[in-house]
Every structure is written in structure tokens, then in C-alpha cells.
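Visitor: Here it is, the structure, as C-alpha cells.
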Amino acid sequence: MSTDNDAVRELIYRSCCCLDEHDFAGYIALCAPEFRYQITLFSPELRKEMIWLNHDRDGLKALLDMVPRHLVRLGALQRNATVYRIEWDKADGQANVMSAFSVFNIDNEGRPSVFAVGHYHDTVDLTGERPLLARRNARLASRDLGIGSHIPI
Amino acid sequence: MCRARMLNYAPFIWKTLEVPISSRSAETWEQTPPLPDGHYVNGRVYHDEQIFAEEREHIFKKIWHFVCHESEVAEVYDFRTVERADVPLVVTRGDDGRIRTFINVCSHRGARVVMDPGGNARTHTCFYHHWTYDTQGTCVSMPRPEGYANTPVCKENMGLREVKTEVKWGFVFVNLDDGSQPLDDYLDGSLDIFDEVLPHAELEVFHYHRAEIDANWKAYQETIVDLYHEFMHVILRDTQMPAASMDDRQMRTYANGHVTIAGIKADYEKYEGWVDRDDASCFPGLESDDARFAPLFPAQTFITRGTVMRVDTVQPVTAHKCLIESRGLGLKGESSEDRMMRIDHHNEYWGPFGRNVTEDAFAAEGCEFSFGKGAAMRGIIARDEGGKGQGDSGLRGFWAEWSRRMGRPVGNPTND
């Protein structure tokens, strides 16, 4: 079991790079078989929790595989993440990791704008040779995402 | 259009018809198209500031607006704040159970009274001078009222301005015009497309998002009414266009510019990674592959897709920006498994990470890029498929109502 903080940070940052670079196979390779991905947030309008995306590993892979067929937003999304906290749960062979993220959209003319802000709440599986994402909750703080995105955060 | 077919428009022959061309000169680009009135839209309607200002007065301050679902104000004293026609509103349920709407502006010095987008409060106190209002709009408290002793100002005549409010099948509508026709007259039966569904289902909103996009409000609303743009969406090419005959579709227009579209089917499993939807988990009166649309004039849309419902509104922000509000609805009291299924079905198509809405917004912004700067001269809405298929009769109905209310022909709105 890996218990290296640097390896966990590397996993989080690698996941951002893969999505930035549209390396979807690389992203899925970072996910454990039981991986669950969600985008969640609280709606002050409804005073309720909301789920804006919910997939297991296969569902997320299918979603990402279809991206090239779609009419997607212009430019590129760039994720900037900082790992704030790593809590080891050695008994269960996992770590709970909280990271802040900001996602910028760089349009085709090179102009940046903020697309989304929030936190990743990740569960990292440490039982294998290398850490893998077992669960990611991309918890949004911002709620207006403009035209949206085909690619998860 | 090929030359042979152009001959069908004999009174409108393009000047250069006899010259085989592929591109167009400035003259032919700018000249009036060889189409009947109402079959093309002058580009100025998307960016002219005077037209934009008049739309607020002649359209948005006169029509019935969907503002929220009753599940958003389910309990006594629940409230929601919204804006319509740039007017801030607070919708609240009183202790008599009735839903009322008020302009969210203090009668004293005009400050916004209710700040939060939603909540529960027996009274609302203006932050500025602490005038307080109850859920029936009555001013119930003003500090040191003796200062107004020599004026007509008193609690009894300083209530909030109430706005006409009606609830139909749980959907709350308001109208800023006190002299407006009743809601049912305004709808002209357009929501009857859901009369096997909505009267028999107690709904609940589970999804809400708002998004400001760089497009004139009409450009986004057009994507709802324009069936021809199905080609733009992979999911519609894969699941919807092959699922039923184009001849089974029924597009109908109503008084006041409303449109309904029925007869559309979808084979969801045809999209890679999706599974079919189960009839057992549908809304009452619907089949899992059934899709119905009711785009109401000017910019509010009710859609069902078998297992889930979406309601959108579009608000003008500037001539070049609009605000989309989108809700997803399920059945109140359903199991957590059914709710999760509906959330997933909603998110497949809709929401900020859906495969459909993001592309519609992309299309609206793409049109804004050219219309917003005056580079595009006009849009063509001349398809005719007899109310079936991918015809433009809904778009023409929308624009006919726009012309009627604005007093401007859509083909020449500035009388150039």
C-alpha cells in the first residue's frame, strides 16, 4: 500500500492534466474499478442539494468517449488545483483528499475567464501498486457555468 | 436553393437568377430575399438597442411569466426571489396557503427588501430603515411612525405592490400588467399537450440552474422551436430522428405565439453508453420514448421526455446577453432510486453538463457572434413541411406574435 503524500498529490494533479489535455483514456486509467464520479452543489434557490453529473467508471468512460462527436465549447478548459488536506485511513486502505479547484476557460483568442470554482472531495484507493481514484465529488461553489461543458470538471 | 425550385417563388426572383453563382455579391447579400413576408428575419432584431428597449415594454411587461413551481414555496412563509422584465419579484406563500407575488422593492426608499434567492420568513424587513412587510404585502411595522404624523404616510397605505399571480398545475405564473387577460386565455390551450400528465402528477423541482450567455434572448429561444437544428445534436441524430416518422410529428401554433410539438419519439439506447428508459418509471400519461414540447411566447418552455420534465425561461439582460433559468422536475414523494434515475435522465440531456442544452447555448452564441455585430443580414425561416417533420411553422408563429406586439414587421423592423 502506498502511503506517500506526494503520490496522492500526483494523482490529483494528473487527473486535472488528463482532462485539460483531453487524454480521456489517461483519466480513466487513474480510476479504480469501483470509481464513482459526481458533480454536486447546494441550490440556495431550492434549498436542496443537487447532482449535476453522476457516473460510474463505465458511464464516465462512455461519456468521455463520445466527446469528440459533440459540438463543444470553443477554446480550452484549464484546471488549477491545490491539495489542501490528505487524511489517511490505513485500516480501509484509502485516503480522503480535499482540494480546491478553479477552472478557467481560455477562448480561441486567448482570453481567460473563470468557468467554475469549487473543491474536489476525493477518496483514493491505496491498496494497489499506485493510488487510484475511488470516488470524486467535484463540489461546485459557483453555479453559473455559462453555456456549460461536455467535459467534466 | 436550386434554380429550378426558386422558380416557385415567381414574384420574388433573385435579381441574379440567370447568373450561376455560388457566392454572393454585396448587392445580392443585402437585398430582400425572394421569400414571402414572415419567412425571413431581419438581423437588426437581434442587436438594435431601440428594439431591445421596446421588447421589455411591449412584450415582457405585458405577458404571463412562469416564475417558479409551487414545490419551491411548498410551506407557509416559503419564498423565492426572481426577476422578470428587469423587475425584482418575491413569490411567497402566505399563512392562508395562497401564493402571492410582490415587487421586491420597499415602499419607503426603493431598496430591495428580500435578498436571498429562497427561504422561509414570516415577515420581510427592509435592511435600510427596517420597514417590515408580511406575506400578504402589508406593511406591518415602520420605526418611529410619529415622524410622518403630518403626512399621509402610514403603515396602512405603504404595502408592497402586488403582482397578478395564477397557479396552473403547480406552475406559478405572474403578469406585471394588471389589465392583462387571464392566464388560461393567454395560454390558449397550449399546455393542454400535457393534460394527460400534469393534472395527474404532483411534481417537485430537483434541478435549478441559471446561466448568463452571450446571446440575444430570441436566438436562444429559437433553438427550442427550430426542429431543423436536430442535425446539430449528436444525441438527436442518434436517438430521435430515426425513432419515428417525420410524418408523425405535429407542430401546432396558438394564439399569442405559443407552439407545441408532439409525436416525437426517442430510442435512448441508440446513443453509445445510454440505456433504454423503462415505461414503468414514466410520468403518468407518458411513454418512456415520448417527447413533448411547449415553447410559450416569448421565452419559456415546458418539455417532457417520458421520465422527466424540464422548464426553461429566458430573460433579456442586454441586447447581447440573456439569462437562462432551467428546472428539472420529478414526482413528489418518489423513492430515492426513482429520483436518482430521473436526475440521471435529466442530466443526460440537460443541465450545464448535458449533451443537449450546452449545444443549444453554443448555437445561440454562434449566432450572436454574427448578428450581434451586424454581419449577418437575416435568418431564413422558410421551411414548410405541413406542420410535420422539421418545418419552420413554429418559428414563423413566434415571429408573427413578436411582430404583432412590437408593431414592426420582422423582415423590416426598422422600416429601412
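How things are named: the first chain in the C-alpha cells is A, the next is B, and so on; residues count from 1 in each chain; ligands count from 1 in the order shown.
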Using only C-alpha atoms, determine which residues of chain B fall within 8 Å of chain A; present them as JSON, numbers by chain.
Guide: {"B": [72, 80, 116, 117, 118, 119, 205, 206, 207, 208, 209, 210, 211, 212, 213, 232, 233, 234, 272, 273, 343, 344, 347, 351, 352, 353, 354, 355, 357, 358, 359, 361, 362]}
Visitor: List the spatial neighbours of range 118-130 of chain A as a PyMOL selection string - criterion: any atom at most 8 Å away, only C-alpha atoms, same-chain residues fewer than 2 positions off excluded.
Guide: chain A and resi 1-3+7-8+32+93-102+116+132-142
Visitor: Create the file for the chosen residues now, containing C-alpha atoms and written as a tab-separated table (two decimals), in the first residue's frame.
Guide:
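Dumped to result.tsv:
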chain	number	residue	atom	x	y	z
A	1	MET	CA	0.00	0.00	0.00
A	2	SER	CA	1.34	3.38	-0.95
A	3	THR	CA	1.27	5.92	1.88
A	7	ALA	CA	1.86	10.10	-4.79
A	8	VAL	CA	-1.63	11.19	-3.77
A	32	ALA	CA	-10.39	2.31	-9.67
A	93	GLY	CA	-6.56	1.29	2.65
A	94	GLN	CA	-7.66	4.67	1.45
A	95	ALA	CA	-7.15	8.40	1.85
A	96	ASN	CA	-9.72	11.16	1.84
A	97	VAL	CA	-8.40	14.16	-0.01
A	98	MET	CA	-9.80	17.66	-0.28
A	99	SER	CA	-8.50	20.00	-2.96
A	100	ALA	CA	-9.57	23.42	-4.17
A	101	PHE	CA	-10.04	23.88	-7.89
A	102	SER	CA	-10.55	26.76	-10.26
A	116	ALA	CA	-16.09	27.16	-12.29
A	132	LEU	CA	-6.30	5.30	-7.78
A	133	LEU	CA	-9.37	7.47	-7.59
A	134	ALA	CA	-12.18	5.50	-5.97
A	135	ARG	CA	-14.58	8.39	-5.71
A	136	ARG	CA	-14.61	12.01	-6.83
A	137	ASN	CA	-17.15	14.56	-5.79
A	138	ALA	CA	-16.50	17.78	-7.69
A	139	ARG	CA	-18.28	20.10	-5.33
A	140	LEU	CA	-19.17	23.37	-7.04
A	141	ALA	CA	-19.14	26.69	-5.23
A	142	SER	CA	-20.04	28.64	-8.39
Visitor: For Asn105 in chain A, work out the shell of residues within 10 Å, counting only C-alpha atoms and skipping chain neighbours fewer than 5 positions away, then give it as a short mmCIF file (atom, residue, chain, number, x, y, z; two decimals) with C-alpha atoms, in the first residue's frame.
Guide:
data_model
loop_
_atom_site.label_atom_id
_atom_site.label_comp_id
_atom_site.auth_asym_id
_atom_site.auth_seq_id
_atom_site.Cartn_x
_atom_site.Cartn_y
_atom_site.Cartn_z
CA ARG A 73 -17.40 24.97 -26.34
CA LEU A 74 -14.60 26.80 -28.08
CA GLY A 75 -11.19 27.12 -26.53
CA ALA A 76 -9.88 25.03 -23.69
CA LEU A 77 -10.62 24.48 -20.04
CA GLN A 78 -7.66 24.65 -17.69
CA ARG A 79 -7.94 23.25 -14.19
CA GLY A 110 -6.59 33.51 -25.74
CA ARG A 111 -8.90 35.40 -23.38
CA PRO A 112 -9.29 33.76 -19.97
CA SER A 113 -12.46 33.68 -17.94
CA VAL A 114 -13.46 31.75 -14.85
CA PHE A 115 -15.64 28.75 -15.70
CA ALA A 116 -16.09 27.16 -12.29
#
Visitor: Taking into account only C-alpha atoms, which residue in the set B:Ala376, B:Met340, B:Ala215, B:Ile381 is nearest to Val410 in chain B?
Guide: B:Ile381
Visitor: Looking at B:Arg327, B:Arg252, B:Arg292, B:His320, which one is nearest to Val197 in chain B, with distances taken over only C-alpha atoms?
Guide: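 Result for the nearest residue to Val197 in chain B: B:Arg292.
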Visitor: From a DSSP calculation on the backbone, collect every residue of chain A in helix (DSSP H, G or I) and output the set as a PyMOL selection string.
Guide: chain A and resi 5-20+24-29+57-69+90-92
Visitor: Report, in Å with one decimal, the straight-line distance from CA of Ser288 in chain B to CA of Phe173 in chain B.
Guide: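 Between CA of Ser288 in chain B and CA of Phe173 in chain B the gap is 28.3 Å.
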Visitor: Find the residues around Asn216 in chain B up to 6 Å (only C-alpha atoms counted), leave out those fewer than 3 positions away in its own chain, and share them as a list in words.
Guide: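 Surrounding residues, per the criterion: Tyr46, Ala219, Ala319, His320, Lys321 and Cys322 of chain B.
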Visitor: What separation in Å, quoted to one decimal, exists between CA of Asp95 in chain B and CA of Val153 in chain B?
Guide: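 If I compute the distance from CA of Asp95 in chain B to CA of Val153 in chain B, I get 26.6 Å.
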Visitor: Would you list, as a tab-separated table (two decimals) with N, CA and C atoms, in the first residue's frame, the residues of range 166-315 of chain B that end up in strand (DSSP E or B) under DSSP run on this structure's backbone?
Guide:
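Output file part_5.tsv is given in full below:
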chain	number	residue	atom	x	y	z
B	166	GLU	N	-51.13	33.60	-10.90
B	166	GLU	CA	-52.02	32.44	-11.06
B	166	GLU	C	-51.18	31.17	-11.04
B	167	VAL	N	-51.78	30.10	-10.56
B	167	VAL	CA	-51.09	28.81	-10.50
B	167	VAL	C	-51.85	27.82	-11.36
B	168	LYS	N	-51.16	27.21	-12.31
B	168	LYS	CA	-51.77	26.20	-13.16
B	168	LYS	C	-50.97	24.91	-13.05
B	171	PHE	N	-47.63	25.18	-11.56
B	171	PHE	CA	-46.69	26.15	-12.13
B	171	PHE	C	-47.19	27.56	-11.84
B	172	VAL	N	-46.33	28.37	-11.25
B	172	VAL	CA	-46.71	29.71	-10.82
B	172	VAL	C	-46.36	30.70	-11.92
B	173	PHE	N	-47.37	31.44	-12.35
B	173	PHE	CA	-47.19	32.46	-13.39
B	173	PHE	C	-47.54	33.83	-12.81
B	174	VAL	N	-46.86	34.86	-13.29
B	174	VAL	CA	-47.18	36.23	-12.88
B	174	VAL	C	-47.29	37.11	-14.12
B	175	ASN	N	-48.00	38.22	-13.94
B	175	ASN	CA	-48.11	39.20	-15.02
B	175	ASN	C	-48.01	40.59	-14.42
B	203	LEU	N	-45.68	17.27	-8.86
B	203	LEU	CA	-44.28	17.39	-9.26
B	203	LEU	C	-43.45	18.10	-8.19
B	204	GLU	N	-42.16	17.97	-8.36
B	204	GLU	CA	-41.22	18.63	-7.45
B	204	GLU	C	-39.96	18.98	-8.22
B	205	VAL	N	-39.46	20.17	-8.01
B	205	VAL	CA	-38.24	20.60	-8.69
B	205	VAL	C	-37.03	20.00	-7.98
B	206	PHE	N	-36.17	19.33	-8.75
B	206	PHE	CA	-34.93	18.80	-8.16
B	206	PHE	C	-33.69	19.43	-8.76
B	207	HIS	N	-33.87	20.15	-9.85
B	207	HIS	CA	-32.71	20.78	-10.50
B	207	HIS	C	-33.04	22.23	-10.81
B	208	TYR	N	-32.11	23.10	-10.50
B	208	TYR	CA	-32.26	24.51	-10.88
B	208	TYR	C	-30.88	25.03	-11.24
B	209	HIS	N	-30.79	25.68	-12.37
B	209	HIS	CA	-29.58	26.45	-12.62
B	209	HIS	C	-29.91	27.64	-13.49
B	210	ARG	N	-29.11	28.66	-13.34
B	210	ARG	CA	-29.25	29.83	-14.19
B	210	ARG	C	-27.90	30.11	-14.82
B	211	ALA	N	-27.95	30.57	-16.06
B	211	ALA	CA	-26.71	30.78	-16.79
B	211	ALA	C	-26.88	31.98	-17.71
B	212	GLU	N	-25.96	32.89	-17.58
B	212	GLU	CA	-25.96	34.04	-18.48
B	212	GLU	C	-25.08	33.70	-19.68
B	213	ILE	N	-25.63	33.84	-20.87
B	213	ILE	CA	-24.85	33.53	-22.07
B	213	ILE	C	-24.80	34.76	-22.97
B	250	GLN	N	-46.30	16.52	-34.91
B	250	GLN	CA	-47.35	17.53	-35.03
B	250	GLN	C	-46.86	18.82	-34.39
B	251	MET	N	-46.61	19.82	-35.22
B	251	MET	CA	-46.27	21.15	-34.70
B	251	MET	C	-47.50	22.02	-34.87
B	252	ARG	N	-47.91	22.65	-33.77
B	252	ARG	CA	-49.12	23.45	-33.81
B	252	ARG	C	-48.83	24.83	-33.23
B	253	THR	N	-49.41	25.85	-33.81
B	253	THR	CA	-49.26	27.20	-33.28
B	253	THR	C	-50.59	27.66	-32.70
B	259	VAL	N	-46.39	27.59	-29.17
B	259	VAL	CA	-46.18	26.49	-30.11
B	259	VAL	C	-46.18	25.19	-29.30
B	260	THR	N	-46.69	24.13	-29.88
B	260	THR	CA	-46.49	22.81	-29.28
B	260	THR	C	-45.97	21.86	-30.34
B	261	ILE	N	-45.19	20.90	-29.86
B	261	ILE	CA	-44.63	19.88	-30.74
B	261	ILE	C	-44.87	18.53	-30.07
B	262	ALA	N	-45.55	17.65	-30.75
B	262	ALA	CA	-45.82	16.31	-30.22
B	262	ALA	C	-45.47	15.28	-31.29
B	263	GLY	N	-45.58	14.01	-30.91
B	263	GLY	CA	-45.31	12.95	-31.88
B	263	GLY	C	-43.84	12.63	-32.06
B	264	ILE	N	-43.01	13.18	-31.22
B	264	ILE	CA	-41.57	12.90	-31.29
B	264	ILE	C	-41.26	11.70	-30.38
B	265	LYS	N	-40.46	10.81	-30.88
B	265	LYS	CA	-40.04	9.63	-30.12
B	265	LYS	C	-38.52	9.62	-30.00
B	290	ASP	N	-41.52	8.97	-25.32
B	290	ASP	CA	-42.35	10.08	-25.76
B	290	ASP	C	-41.68	11.41	-25.41
B	291	ALA	N	-41.72	12.36	-26.32
B	291	ALA	CA	-41.19	13.71	-26.05
B	291	ALA	C	-42.21	14.74	-26.51
B	292	ARG	N	-42.50	15.69	-25.64
B	292	ARG	CA	-43.46	16.76	-25.96
B	292	ARG	C	-42.84	18.10	-25.58
B	293	PHE	N	-43.09	19.09	-26.39
B	293	PHE	CA	-42.51	20.41	-26.20
B	293	PHE	C	-43.61	21.45	-26.27
B	294	ALA	N	-43.56	22.41	-25.38
B	294	ALA	CA	-44.47	23.56	-25.47
B	294	ALA	C	-43.66	24.84	-25.26
B	295	PRO	N	-43.09	25.39	-26.31
B	295	PRO	CA	-42.43	26.69	-26.18
B	295	PRO	C	-43.50	27.79	-26.16
B	296	LEU	N	-43.62	28.46	-25.03
B	296	LEU	CA	-44.60	29.52	-24.87
B	296	LEU	C	-43.96	30.86	-25.20
B	300	GLN	N	-40.37	30.86	-22.72
B	300	GLN	CA	-40.49	29.90	-21.64
B	300	GLN	C	-40.93	28.58	-22.25
B	301	THR	N	-40.34	27.51	-21.79
B	301	THR	CA	-40.51	26.24	-22.47
B	301	THR	C	-40.78	25.12	-21.49
B	302	PHE	N	-41.79	24.33	-21.79
B	302	PHE	CA	-42.14	23.15	-20.99
B	302	PHE	C	-41.86	21.93	-21.86
B	303	ILE	N	-41.08	20.99	-21.33
B	303	ILE	CA	-40.68	19.81	-22.09
B	303	ILE	C	-40.83	18.58	-21.21
B	304	THR	N	-41.44	17.52	-21.74
B	304	THR	CA	-41.38	16.23	-21.07
B	304	THR	C	-40.68	15.23	-21.98
B	305	ARG	N	-39.87	14.39	-21.33
B	305	ARG	CA	-39.25	13.25	-22.04
B	305	ARG	C	-39.51	11.99	-21.24
B	309	MET	N	-39.08	16.00	-16.62
B	309	MET	CA	-39.59	17.23	-17.20
B	309	MET	C	-38.59	18.36	-17.00
B	310	ARG	N	-38.56	19.25	-17.96
B	310	ARG	CA	-37.71	20.44	-17.88
B	310	ARG	C	-38.56	21.66	-18.18
B	311	VAL	N	-38.33	22.73	-17.43
B	311	VAL	CA	-38.98	24.01	-17.70
B	311	VAL	C	-37.91	25.08	-17.75
B	312	ASP	N	-37.87	25.82	-18.82
B	312	ASP	CA	-36.88	26.88	-19.02
B	312	ASP	C	-37.56	28.23	-19.14
B	313	THR	N	-36.87	29.25	-18.71
B	313	THR	CA	-37.24	30.61	-19.08
B	313	THR	C	-35.98	31.31	-19.58
B	314	VAL	N	-36.17	32.27	-20.44
B	314	VAL	CA	-35.06	33.08	-20.92
B	314	VAL	C	-35.42	34.54	-20.67
B	315	GLN	N	-34.54	35.25	-20.00
B	315	GLN	CA	-34.77	36.66	-19.71
B	315	GLN	C	-33.74	37.51	-20.46
